[in-house]
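Asks: Structure: data27.cif, mmCIF, C-alpha atoms.
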```cif
data_run
loop_
_atom_site.label_atom_id
_atom_site.label_comp_id
_atom_site.auth_asym_id
_atom_site.auth_seq_id
_atom_site.Cartn_x
_atom_site.Cartn_y
_atom_site.Cartn_z
CA MET A 20 44.35 8.75 12.78
CA SER A 21 42.94 6.65 9.93
CA SER A 22 42.37 9.74 7.85
CA VAL A 23 46.01 10.74 8.39
CA THR A 24 47.27 7.39 7.09
CA HIS A 25 44.83 7.66 4.19
CA GLU A 26 46.13 11.11 3.28
CA LEU A 27 49.77 10.09 3.50
CA ARG A 28 49.27 6.87 1.55
CA THR A 29 47.51 8.58 -1.33
CA PRO A 30 50.43 10.46 -2.91
CA LEU A 31 52.66 7.47 -2.11
CA THR A 32 50.34 5.29 -4.19
CA SER A 33 50.94 7.20 -7.41
CA ILE A 34 54.65 7.67 -6.63
CA ARG A 35 55.02 3.90 -6.38
CA ALA A 36 52.76 3.12 -9.36
CA PHE A 37 54.50 5.56 -11.73
CA SER A 38 57.95 4.42 -10.57
CA GLU A 39 57.08 0.78 -11.28
CA LEU A 40 55.63 1.67 -14.68
CA LEU A 41 58.84 3.48 -15.60
CA ARG A 42 61.01 0.67 -14.30
CA ASP A 43 59.08 -2.13 -16.03
CA ASP A 44 58.60 -0.46 -19.42
CA PRO A 45 61.92 0.48 -21.07
CA LYS A 46 60.09 1.12 -24.35
CA MET A 47 57.77 3.76 -22.89
CA HIS A 48 57.39 6.86 -25.06
CA LEU A 49 59.53 9.77 -23.97
CA ALA A 50 56.52 12.05 -23.56
CA ASP A 51 54.88 9.62 -21.12
CA ARG A 52 58.17 9.05 -19.35
CA GLU A 53 58.65 12.76 -18.75
CA ARG A 54 55.05 13.25 -17.71
CA PHE A 55 55.23 10.44 -15.16
CA LEU A 56 58.55 11.63 -13.75
CA GLY A 57 57.04 15.10 -13.32
CA LEU A 58 54.07 13.62 -11.46
CA ILE A 59 56.38 11.58 -9.21
CA VAL A 60 58.21 14.75 -8.25
CA SER A 61 55.08 16.79 -7.59
CA GLU A 62 53.49 13.97 -5.57
CA ALA A 63 56.70 13.66 -3.54
CA GLU A 64 56.54 17.39 -2.85
CA ARG A 65 52.90 17.11 -1.86
CA LEU A 66 53.70 14.22 0.47
CA THR A 67 56.49 16.25 2.08
CA ARG A 68 54.12 19.15 2.75
CA LEU A 69 51.55 16.74 4.16
CA ILE A 70 54.06 15.13 6.50
CA ASN A 71 55.38 18.49 7.70
CA GLN A 72 51.95 19.93 8.32
CA THR A 73 50.58 16.76 9.92
CA LEU A 74 53.45 16.75 12.40
CA ASP A 75 53.05 20.49 12.97
CA LEU A 76 49.36 20.13 13.73
CA ALA A 77 49.99 17.13 15.97
CA LYS A 78 52.55 19.12 17.95
CA ILE A 79 50.20 22.04 18.35
CA GLU A 80 47.28 19.87 19.42
CA SER A 81 49.27 17.87 21.92
CA GLY A 82 50.64 21.01 23.48
CA ARG A 83 54.21 20.19 22.50
CA ALA A 84 54.73 23.10 20.08
CA ASP A 85 57.19 25.85 21.00
CA TRP A 86 55.57 29.24 21.17
CA ASN A 87 57.82 32.29 21.22
CA GLY A 88 55.44 35.08 22.08
CA CYS A 89 56.68 38.60 21.88
CA GLU A 90 55.31 42.04 21.19
CA LEU A 91 54.88 42.51 17.48
CA ASP A 92 54.14 45.26 15.02
CA LEU A 93 51.47 43.47 13.01
CA LYS A 94 51.83 45.88 10.08
CA GLU A 95 55.44 44.82 9.65
CA VAL A 96 54.58 41.12 9.86
CA ILE A 97 51.93 41.58 7.18
CA GLU A 98 54.28 43.48 4.88
CA GLN A 99 56.91 40.74 5.23
CA SER A 100 54.37 38.06 4.39
CA VAL A 101 53.04 39.91 1.35
CA ALA A 102 56.60 40.37 0.06
CA ALA A 103 57.20 36.63 0.49
CA THR A 104 54.20 35.77 -1.70
CA GLY A 105 55.13 38.18 -4.48
CA GLN A 106 55.92 35.37 -6.91
CA LEU A 107 52.50 33.72 -6.40
CA PHE A 108 50.78 36.98 -7.25
CA ARG A 109 52.95 37.64 -10.29
CA GLU A 110 52.26 34.15 -11.64
CA LYS A 111 48.54 34.86 -11.52
CA GLY A 112 48.85 38.44 -12.75
CA ALA A 113 47.05 39.44 -9.58
CA LEU A 114 47.19 42.67 -7.61
CA VAL A 115 47.59 43.02 -3.89
CA GLU A 116 46.36 46.14 -2.12
CA LEU A 117 47.42 47.04 1.39
CA ASP A 118 45.56 49.21 3.87
CA LEU A 119 47.79 49.11 6.93
CA PRO A 120 47.71 52.10 9.28
CA ASP A 121 50.89 53.11 11.11
CA ASN A 122 51.44 53.26 14.85
CA LEU A 123 48.82 50.80 15.93
CA PRO A 124 49.29 49.17 19.34
CA ARG A 125 51.34 46.00 19.41
CA ILE A 126 49.98 42.50 19.83
CA LEU A 127 51.52 39.52 21.59
CA ALA A 128 52.28 36.55 19.32
CA ASP A 129 54.93 34.26 17.85
CA ARG A 130 56.28 36.05 14.78
CA ASP A 131 57.08 32.95 12.73
CA ARG A 132 53.66 31.47 13.45
CA LEU A 133 51.91 34.70 12.46
CA ILE A 134 53.82 34.75 9.20
CA GLN A 135 52.71 31.14 8.73
CA VAL A 136 49.07 32.26 9.15
CA MET A 137 49.49 35.18 6.71
CA LEU A 138 51.21 33.00 4.11
CA ASN A 139 48.38 30.49 4.38
CA LEU A 140 45.68 33.14 3.94
CA LEU A 141 47.50 34.89 1.10
CA SER A 142 48.24 31.69 -0.83
CA ASN A 143 44.62 30.59 -0.39
CA ALA A 144 43.44 34.00 -1.63
CA VAL A 145 45.51 33.70 -4.82
CA LYS A 146 44.65 30.06 -5.46
CA PHE A 147 41.29 30.43 -7.16
CA LEU A 148 41.70 33.86 -8.71
CA ALA A 149 41.01 34.23 -12.42
CA PRO A 150 44.35 34.89 -14.15
CA GLY A 151 44.92 38.56 -14.95
CA SER A 152 41.98 40.04 -13.07
CA GLY A 153 42.60 38.89 -9.52
CA ARG A 154 42.83 41.27 -6.61
CA VAL A 155 43.57 40.67 -2.94
CA THR A 156 43.09 43.42 -0.34
CA VAL A 157 44.77 43.16 3.05
CA MET A 158 43.43 45.45 5.74
CA LEU A 159 44.51 46.10 9.31
CA ARG A 160 42.26 47.87 11.75
CA MET A 161 41.94 48.57 15.42
CA LEU A 162 39.20 47.13 17.59
CA ALA A 163 38.41 48.00 21.18
CA ASP A 164 40.51 45.16 22.60
CA GLY A 165 42.84 44.21 19.79
CA LEU A 166 43.62 44.28 16.08
CA GLU A 167 41.80 42.72 13.15
CA VAL A 168 43.40 41.60 9.90
CA SER A 169 41.30 40.88 6.84
CA VAL A 170 42.40 39.22 3.59
CA ALA A 171 39.76 39.77 0.90
CA ASP A 172 39.89 38.27 -2.60
CA ASN A 173 37.71 38.70 -5.68
CA GLY A 174 37.75 35.00 -6.48
CA PRO A 175 34.77 32.66 -6.86
CA GLY A 176 33.84 32.77 -3.17
CA ILE A 177 32.98 29.89 -0.87
CA ARG A 178 29.59 28.19 -0.64
CA PRO A 179 27.87 28.47 2.77
CA GLU A 180 27.95 24.69 3.26
CA ASP A 181 31.75 24.72 2.72
CA GLN A 182 32.52 27.63 5.05
CA GLN A 183 32.82 25.40 8.12
CA LEU A 184 34.30 22.49 6.16
CA ILE A 185 37.42 24.37 5.12
CA PHE A 186 38.55 24.61 8.75
CA GLU A 187 38.39 20.82 9.13
CA LYS A 188 41.51 18.73 8.69
CA PHE A 189 42.31 17.48 5.19
CA ARG A 190 39.18 19.03 3.71
CA GLN A 191 39.63 21.03 0.54
CA VAL A 192 37.00 22.70 -1.59
CA GLY A 193 37.15 24.16 -5.01
CA ASP A 194 36.04 23.64 -8.55
CA THR A 195 36.24 19.88 -8.99
CA LEU A 196 35.86 20.19 -12.75
CA THR A 197 39.31 21.75 -13.00
CA ALA A 198 42.45 20.24 -11.52
CA LYS A 199 42.17 18.94 -8.01
CA PRO A 200 43.36 21.34 -5.31
CA SER A 201 47.07 20.88 -4.63
CA GLY A 202 46.96 21.91 -1.01
CA THR A 203 47.08 19.66 2.02
CA GLY A 204 43.81 20.65 3.64
CA LEU A 205 45.71 21.45 6.84
CA GLY A 206 46.63 25.13 6.33
CA LEU A 207 43.43 26.62 7.75
CA PRO A 208 43.08 24.22 10.72
CA ILE A 209 46.67 25.07 11.67
CA SER A 210 46.14 28.83 11.17
CA ARG A 211 43.04 28.77 13.34
CA ARG A 212 44.85 26.97 16.14
CA ILE A 213 47.72 29.46 16.01
CA VAL A 214 45.38 32.46 16.21
CA GLU A 215 43.35 30.88 19.01
CA HIS A 216 46.49 30.06 20.95
CA PHE A 217 47.14 33.79 21.24
CA GLY A 218 43.58 34.61 22.23
CA GLY A 219 42.17 35.51 18.83
CA ARG A 220 39.59 34.21 16.34
CA LEU A 221 39.80 33.30 12.65
CA TRP A 222 36.75 33.08 10.41
CA VAL A 223 35.54 33.57 6.85
CA GLU A 224 32.84 35.68 5.26
CA SER A 225 31.86 34.92 1.70
CA VAL A 226 29.07 35.17 -0.82
CA PRO A 227 29.55 32.76 -3.75
CA GLY A 228 30.40 34.73 -6.87
CA ASP A 229 31.57 37.67 -4.80
CA GLY A 230 34.92 36.57 -3.37
CA ALA A 231 35.87 35.66 0.18
CA THR A 232 37.22 37.57 3.17
CA PHE A 233 39.18 35.81 5.89
CA ARG A 234 39.44 37.77 9.14
CA PHE A 235 41.39 37.17 12.30
CA THR A 236 41.70 39.11 15.51
CA LEU A 237 44.49 39.22 18.05
CA PRO A 238 44.29 40.89 21.46
CA PHE A 239 46.65 43.73 22.38
CA ALA A 240 49.84 42.87 24.27
CA PRO A 241 49.20 43.23 28.01
CA VAL A 242 51.31 46.37 28.44
CA GLN A 243 49.36 47.98 25.59
CA GLU A 244 46.11 47.11 27.31
CA GLN A 245 47.17 48.88 30.48
CA ALA A 246 48.39 51.93 28.58
CA LEU A 247 45.17 52.14 26.60
CA ALA A 248 43.08 51.74 29.75
CA GLN A 249 45.01 54.52 31.45
CA ALA A 250 44.68 56.75 28.40
CA ALA A 251 40.93 56.10 28.31
CA ALA A 252 40.56 56.87 32.02
CA ALA A 253 42.45 60.17 31.79
CA MET B 16 28.14 -28.59 -42.77
CA ARG B 17 28.76 -29.87 -39.25
CA ARG B 18 32.51 -29.30 -39.57
CA LEU B 19 31.85 -25.67 -40.62
CA GLN B 20 29.64 -25.18 -37.56
CA GLN B 21 32.32 -26.59 -35.30
CA HIS B 22 34.94 -24.30 -36.84
CA SER B 23 32.78 -21.17 -36.55
CA GLY B 24 32.10 -22.08 -32.92
CA LEU B 25 35.82 -22.27 -32.32
CA TRP B 26 36.38 -18.93 -34.07
CA LEU B 27 33.73 -17.26 -31.92
CA LEU B 28 35.42 -18.65 -28.82
CA MET B 29 38.79 -17.31 -29.92
CA ILE B 30 37.33 -13.92 -30.83
CA GLY B 31 35.65 -13.79 -27.43
CA GLU B 32 39.01 -14.33 -25.75
CA LEU B 33 40.74 -11.67 -27.86
CA MET B 34 38.04 -9.04 -27.38
CA SER B 35 39.37 -6.96 -24.56
CA LYS B 36 37.82 -7.08 -21.17
CA LYS B 37 36.37 -3.77 -20.01
CA ILE B 38 37.49 -2.33 -16.70
CA LEU B 39 36.11 0.73 -14.88
CA ILE B 40 38.43 2.65 -12.55
CA ALA B 41 36.50 4.59 -9.90
CA ASP B 42 38.79 6.89 -7.90
CA ASP B 43 38.81 10.64 -7.24
CA GLU B 44 42.62 10.88 -7.20
CA GLN B 45 43.57 11.95 -10.70
CA ASN B 46 47.16 10.72 -10.57
CA ILE B 47 46.23 7.30 -9.27
CA VAL B 48 43.70 6.98 -12.09
CA ILE B 49 46.35 7.99 -14.66
CA SER B 50 48.78 5.32 -13.42
CA ILE B 51 46.24 2.49 -13.28
CA GLU B 52 44.76 3.48 -16.65
CA PHE B 53 48.20 3.39 -18.28
CA LEU B 54 48.95 0.02 -16.68
CA LEU B 55 45.69 -1.60 -17.81
CA ARG B 56 45.75 -0.14 -21.34
CA ARG B 57 49.29 -1.42 -21.74
CA GLU B 58 47.98 -4.89 -20.92
CA GLY B 59 45.28 -4.62 -23.57
CA PHE B 60 42.26 -3.86 -21.45
CA GLU B 61 39.60 -1.34 -22.39
CA VAL B 62 39.48 1.27 -19.62
CA LEU B 63 36.69 3.54 -18.36
CA ILE B 64 37.01 6.18 -15.65
CA ALA B 65 34.74 7.58 -12.95
CA GLY B 66 35.72 10.37 -10.53
CA ASP B 67 33.08 9.84 -7.87
CA GLY B 68 30.60 7.24 -6.64
CA GLU B 69 27.56 8.47 -8.53
CA GLU B 70 29.47 8.59 -11.82
CA ALA B 71 30.78 5.07 -11.12
CA LEU B 72 27.30 3.68 -10.61
CA ALA B 73 25.97 5.38 -13.76
CA LYS B 74 28.87 4.11 -15.89
CA VAL B 75 28.58 0.54 -14.64
CA ARG B 76 24.90 0.53 -15.60
CA ALA B 77 25.53 2.14 -18.98
CA GLU B 78 28.76 0.40 -20.04
CA ARG B 79 28.60 -2.98 -18.25
CA PRO B 80 32.33 -3.35 -17.49
CA ASP B 81 33.60 -6.80 -16.57
CA LEU B 82 35.43 -5.45 -13.55
CA VAL B 83 35.25 -2.34 -11.38
CA LEU B 84 38.27 -1.07 -9.45
CA LEU B 85 36.48 0.77 -6.67
CA ASP B 86 38.14 3.28 -4.38
CA VAL B 87 36.51 3.55 -0.97
CA MET B 88 37.00 7.26 -0.18
CA MET B 89 35.19 9.10 -2.97
CA PRO B 90 32.95 12.16 -2.99
CA ARG B 91 29.23 11.97 -3.66
CA MET B 92 28.94 8.24 -2.85
CA ASN B 93 31.69 6.21 -1.26
CA GLY B 94 32.93 2.85 -2.55
CA PHE B 95 31.02 0.81 0.04
CA ASP B 96 27.71 2.36 -0.99
CA VAL B 97 28.50 1.83 -4.67
CA CYS B 98 29.36 -1.81 -3.96
CA GLN B 99 26.13 -2.30 -2.07
CA ALA B 100 24.10 -0.71 -4.89
CA LEU B 101 25.79 -2.86 -7.52
CA ARG B 102 25.20 -6.06 -5.58
CA ALA B 103 21.56 -5.12 -5.01
CA ASP B 104 21.05 -5.18 -8.78
CA PRO B 105 20.66 -8.77 -10.09
CA ASP B 106 21.35 -7.52 -13.62
CA LEU B 107 24.91 -6.64 -12.58
CA SER B 108 25.74 -9.81 -10.68
CA ALA B 109 28.41 -10.74 -13.24
CA THR B 110 30.35 -7.50 -12.63
CA ARG B 111 33.42 -8.24 -10.57
CA ILE B 112 34.36 -5.70 -7.89
CA LEU B 113 37.88 -5.07 -6.59
CA MET B 114 38.00 -2.52 -3.79
CA LEU B 115 40.98 -0.22 -3.30
CA THR B 116 41.65 1.59 -0.07
CA ALA B 117 44.32 3.64 1.64
CA LYS B 118 42.79 3.28 5.08
CA GLY B 119 43.62 0.72 7.75
CA ARG B 120 42.94 -2.88 6.96
CA ASP B 121 40.90 -5.44 8.90
CA THR B 122 37.55 -3.76 9.51
CA GLU B 123 37.58 -2.26 6.03
CA VAL B 124 38.36 -5.57 4.35
CA SER B 125 35.61 -7.51 6.11
CA LYS B 126 33.13 -4.70 5.47
CA GLY B 127 33.93 -4.66 1.76
CA LEU B 128 33.81 -8.40 1.34
CA GLY B 129 30.64 -8.50 3.44
CA LEU B 130 29.02 -6.07 1.00
CA GLY B 131 29.83 -8.38 -1.89
CA ALA B 132 33.20 -7.18 -3.19
CA ASP B 133 35.18 -9.95 -4.92
CA GLY B 134 38.57 -8.70 -3.81
CA TYR B 135 40.44 -6.06 -1.84
CA MET B 136 43.74 -4.23 -2.32
CA THR B 137 45.36 -1.69 -0.05
CA LYS B 138 47.19 1.37 -1.35
CA PRO B 139 50.04 1.77 -2.09
CA PHE B 140 49.87 -1.39 -4.19
CA SER B 141 52.37 -3.22 -6.34
CA THR B 142 51.43 -2.91 -10.02
CA LYS B 143 52.38 -6.60 -10.45
CA GLU B 144 50.02 -7.65 -7.67
CA LEU B 145 47.23 -5.43 -8.99
CA LEU B 146 47.53 -7.03 -12.44
CA ALA B 147 47.57 -10.52 -10.96
CA GLU B 148 44.44 -9.79 -8.95
CA VAL B 149 42.70 -8.23 -11.99
CA ARG B 150 43.49 -11.28 -14.14
CA LYS B 151 42.35 -13.63 -11.41
CA LEU B 152 39.00 -11.88 -11.02
CA LEU B 153 38.48 -11.89 -14.80
CA GLY B 154 39.24 -15.60 -14.97
CA MET B 155 42.27 -15.05 -17.21
#
```
Could you quickly redo this structure as structure tokens?

Replies:
Amino acid sequence: MSSVTHELRTPLTSIRAFSELLRDDPKMHLADRERFLGLIVSEAERLTRLINQTLDLAKIESGRADWNGCELDLKEVIEQSVAATGQLFREKGALVELDLPDNLPRILADRDRLIQVMLNLLSNAVKFLAPGSGRVTVMLRMLADGLEVSVADNGPGIRPEDQQLIFEKFRQVGDTLTAKPSGTGLGLPISRRIVEHFGGRLWVESVPGDGATFRFTLPFAPVQEQALAQAAAA
Amino acid sequence: MRRLQQHSGLWLLMIGELMSKKILIADDEQNIVISIEFLLRREGFEVLIAGDGEEALAKVRAERPDLVLLDVMMPRMNGFDVCQALRADPDLSATRILMLTAKGRDTEVSKGLGLGADGYMTKPFSTKELLAEVRKLLGM
């Protein structure tokens, strides 16, 4: 709980400080004034995301989240999510490649929550790409008992010591010499809990310097399982 | 001759007062650093910055600031450990330490003061209160 209050108080600190500086200094240069107002806005946005995600995670963990499970065509969910992140990719001049077979068996999950997971993985994939040369490949494939989605980027990769850390609440990693990461540190913990709720797993594979691949699995919808079992027996 | 010595002594005293006090801000949150730096520069202080605990320690030793604004939650060495290291060095006993924290209060405050911090402020802070505390610790 103390780390939650710490995280929420941090953007509020600069919002308050900049606001007071602007209020108390009518002779402040216009350039500084505009810069500080811009920072107030972006910190307010960051605080909003933090509050939303903190509440979301708390709901999930306490078992009070609403889950609307239904049979889904995962290919369609992925395509929707990729379309929704088009702007992020364009801003980075990055390519997205899709390898999504047709007619795969359906899985059982909450559609909105799955889109939330895909948006998280896709926005993470774009985040550290070098402008102009970035590439993200999304693959869907069939396993014996379910489907596996992989989101692979050609970014800087993730150090082995950070690969567990990134799934912890409020932890962010990245190049600390450049601007601090603007995320909340809650995207991956939430995504993992969503995937696990529906019986799957979410993990990362990465070699520093050689990009990162996030994979998650989801089991087939029960009816599919029976049909597949019958088909295998015949 | 004596009158000249008295006058030059007075001048040195005045110059000493006018020479700006040096303050180090140690915090890994870029935007918080920007706001405090602007505030302190506006008030005539000389400002140094450190983005993590190790850098803070190195800069205190190299630059000898009069006051350190020390965030608790920092990478590579947290504020408590920096405070402890500074207080363990008799050479740096004149350096005033004001700890800043966004975490909950009581246990943190007593820990910080117990380690030798001279003051404690919780975030979010009032810029007026921060300035008052800074001036108080610098004997201004």

Asks: Could you give me, as a tab-separated table, every chain B residue with an atom at most 12 Å from chain A, plus its closest atom pair and distance in Å to one decimal, counting only C-alpha atoms, rows ordered by chain then number?

Replies:
```
residue	atom	partner	partner_atom	distance
B:Asp42	CA	A:Thr29	CA	11.0
B:Asp43	CA	A:Lys199	CA	9.0
B:Glu44	CA	A:Thr29	CA	8.0
B:Gln45	CA	A:Lys199	CA	7.6
B:Asn46	CA	A:Ser33	CA	6.1
B:Ile47	CA	A:Ser33	CA	5.1
B:Val48	CA	A:Ser33	CA	8.6
B:Ile49	CA	A:Ser33	CA	8.6
B:Ser50	CA	A:Phe37	CA	6.0
B:Ile51	CA	A:Ala36	CA	7.6
B:Glu52	CA	A:Ala36	CA	10.8
B:Phe53	CA	A:Leu40	CA	8.4
B:Leu54	CA	A:Leu40	CA	7.2
B:Leu55	CA	A:Leu40	CA	10.9
B:Arg57	CA	A:Asp44	CA	9.6
B:Glu58	CA	A:Asp44	CA	11.6
B:Gly66	CA	A:Thr195	CA	9.6
B:Asp67	CA	A:Thr195	CA	10.6
B:Asp86	CA	A:Thr29	CA	11.2
B:Val87	CA	A:His25	CA	10.6
B:Met88	CA	A:His25	CA	9.0
B:Pro90	CA	A:Thr195	CA	10.3
B:Arg91	CA	A:Thr195	CA	11.8
B:Leu115	CA	A:Thr32	CA	10.9
B:Thr116	CA	A:His25	CA	8.1
B:Ala117	CA	A:His25	CA	4.8
B:Lys118	CA	A:His25	CA	4.9
B:Gly119	CA	A:Ser21	CA	6.4
B:Arg120	CA	A:Ser21	CA	10.0
B:Thr122	CA	A:Ser21	CA	11.7
B:Glu123	CA	A:Ser21	CA	11.1
B:Met136	CA	A:Thr32	CA	11.7
B:Thr137	CA	A:Thr32	CA	9.5
B:Lys138	CA	A:Thr32	CA	5.8
B:Pro139	CA	A:Thr32	CA	4.1
B:Phe140	CA	A:Thr32	CA	6.7
B:Ser141	CA	A:Ala36	CA	7.0
B:Thr142	CA	A:Ala36	CA	6.2
B:Lys143	CA	A:Glu39	CA	8.8
B:Glu144	CA	A:Ala36	CA	11.2
B:Leu145	CA	A:Ala36	CA	10.2
B:Leu146	CA	A:Ala36	CA	11.8
```

Asks: I need the residues from that last selection saved to file as a compact mmCIF listing (two decimals), in the coordinates of the input (with C-alpha atoms), if you can.

Replies:
```
# COMPACT_ATOMS: atom_id res chain seq x y z
CA ASP B 42 38.79 6.89 -7.90
CA ASP B 43 38.81 10.64 -7.24
CA GLU B 44 42.62 10.88 -7.20
CA GLN B 45 43.57 11.95 -10.70
CA ASN B 46 47.16 10.72 -10.57
CA ILE B 47 46.23 7.30 -9.27
CA VAL B 48 43.70 6.98 -12.09
CA ILE B 49 46.35 7.99 -14.66
CA SER B 50 48.78 5.32 -13.42
CA ILE B 51 46.24 2.49 -13.28
CA GLU B 52 44.76 3.48 -16.65
CA PHE B 53 48.20 3.39 -18.28
CA LEU B 54 48.95 0.02 -16.68
CA LEU B 55 45.69 -1.60 -17.81
CA ARG B 57 49.29 -1.42 -21.74
CA GLU B 58 47.98 -4.89 -20.92
CA GLY B 66 35.72 10.37 -10.53
CA ASP B 67 33.08 9.84 -7.87
CA ASP B 86 38.14 3.28 -4.38
CA VAL B 87 36.51 3.55 -0.97
CA MET B 88 37.00 7.26 -0.18
CA PRO B 90 32.95 12.16 -2.99
CA ARG B 91 29.23 11.97 -3.66
CA LEU B 115 40.98 -0.22 -3.30
CA THR B 116 41.65 1.59 -0.07
CA ALA B 117 44.32 3.64 1.64
CA LYS B 118 42.79 3.28 5.08
CA GLY B 119 43.62 0.72 7.75
CA ARG B 120 42.94 -2.88 6.96
CA THR B 122 37.55 -3.76 9.51
CA GLU B 123 37.58 -2.26 6.03
CA MET B 136 43.74 -4.23 -2.32
CA THR B 137 45.36 -1.69 -0.05
CA LYS B 138 47.19 1.37 -1.35
CA PRO B 139 50.04 1.77 -2.09
CA PHE B 140 49.87 -1.39 -4.19
CA SER B 141 52.37 -3.22 -6.34
CA THR B 142 51.43 -2.91 -10.02
CA LYS B 143 52.38 -6.60 -10.45
CA GLU B 144 50.02 -7.65 -7.67
CA LEU B 145 47.23 -5.43 -8.99
CA LEU B 146 47.53 -7.03 -12.44
```

Asks: Find the distance between CA of Ser81 (chain A) and CA of Arg220 (chain A) and write it in Å to one decimal.

Replies: 19.8 Å

Asks: In Å to one decimal, how far is CA of Gly59 (chain B) from CA of Leu56 (chain A)?

Replies: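 Between these atoms lies a distance of 23.2 Å.
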
Asks: Any idea what's packed within 10 Å of Leu113 (chain B), counting only C-alpha atoms, ignoring anything in its chain fewer than 5 positions away? Could you give it as a list in words?

Replies: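 The neighbour list is Ile40, Leu82, Val83, Leu84, Leu85, Asp86, Cys98, Gly127, Leu128, Gly131, Ala132, Asp133, Gly134, Tyr135, Met136, Leu145, Glu148, Val149 and Leu152 of chain B.
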
Asks: To one decimal in Å, tell me the separation between CA of Val157 (chain A) and CA of Trp222 (chain A).

Replies: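 Calculated distance between CA of Val157 (chain A) and CA of Trp222 (chain A) is 14.8 Å.
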
Asks: Convert the output of the PyMOL selection byres ((chain B and resi 71-75) around 12) on the shown file into explicit residues, formatted as a PyMOL selection string.

Replies: chain B and resi 37-43+62-70+76-87+89-104+106-112

Asks: Can you list every residue of region 24-91 of chain A that has an atom at most 6 Å from region 128-151 of chain A, with its nearest atom pair and the distance in Å to one decimal, using all atoms listed in the file, ordered by chain then number, as CSV?

Replies:
```
residue,atom,partner,partner_atom,distance
A:Asn87,CA,A:Asp129,CA,4.9
A:Gly88,CA,A:Asp129,CA,4.3
A:Cys89,CA,A:Ala128,CA,5.5
```

Asks: Taking the file as I've supplied it (selection: the PyMOL selection byres ((chain A and resi 208) around 10)), which residues are included? Please answer as a list of chain:residue names.

Replies: A:Leu76, A:Ile185, A:Phe186, A:Glu187, A:Lys188, A:Phe189, A:Arg190, A:Gly204, A:Leu205, A:Gly206, A:Leu207, A:Ile209, A:Ser210, A:Arg211, A:Arg212, A:Ile213, A:Leu221

Asks: Could you list the residues chosen by the PyMOL selection byres ((chain A and resi 94-96) around 12) in this structure as a CSV table (one decimal) with C-alpha atoms, in the coordinates of the input?

Replies:
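After the write, part_3.csv holds the following:
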```csv
chain,number,residue,atom,x,y,z
A,90,GLU,CA,55.3,42.0,21.2
A,91,LEU,CA,54.9,42.5,17.5
A,92,ASP,CA,54.1,45.3,15.0
A,93,LEU,CA,51.5,43.5,13.0
A,97,ILE,CA,51.9,41.6,7.2
A,98,GLU,CA,54.3,43.5,4.9
A,99,GLN,CA,56.9,40.7,5.2
A,100,SER,CA,54.4,38.1,4.4
A,101,VAL,CA,53.0,39.9,1.4
A,102,ALA,CA,56.6,40.4,0.1
A,103,ALA,CA,57.2,36.6,0.5
A,117,LEU,CA,47.4,47.0,1.4
A,118,ASP,CA,45.6,49.2,3.9
A,119,LEU,CA,47.8,49.1,6.9
A,120,PRO,CA,47.7,52.1,9.3
A,121,ASP,CA,50.9,53.1,11.1
A,122,ASN,CA,51.4,53.3,14.8
A,123,LEU,CA,48.8,50.8,15.9
A,124,PRO,CA,49.3,49.2,19.3
A,125,ARG,CA,51.3,46.0,19.4
A,126,ILE,CA,50.0,42.5,19.8
A,128,ALA,CA,52.3,36.6,19.3
A,129,ASP,CA,54.9,34.3,17.8
A,130,ARG,CA,56.3,36.0,14.8
A,131,ASP,CA,57.1,33.0,12.7
A,132,ARG,CA,53.7,31.5,13.4
A,133,LEU,CA,51.9,34.7,12.5
A,134,ILE,CA,53.8,34.8,9.2
A,135,GLN,CA,52.7,31.1,8.7
A,136,VAL,CA,49.1,32.3,9.2
A,137,MET,CA,49.5,35.2,6.7
A,138,LEU,CA,51.2,33.0,4.1
A,157,VAL,CA,44.8,43.2,3.0
A,158,MET,CA,43.4,45.4,5.7
A,159,LEU,CA,44.5,46.1,9.3
A,160,ARG,CA,42.3,47.9,11.8
A,161,MET,CA,41.9,48.6,15.4
A,166,LEU,CA,43.6,44.3,16.1
A,167,GLU,CA,41.8,42.7,13.2
A,168,VAL,CA,43.4,41.6,9.9
```
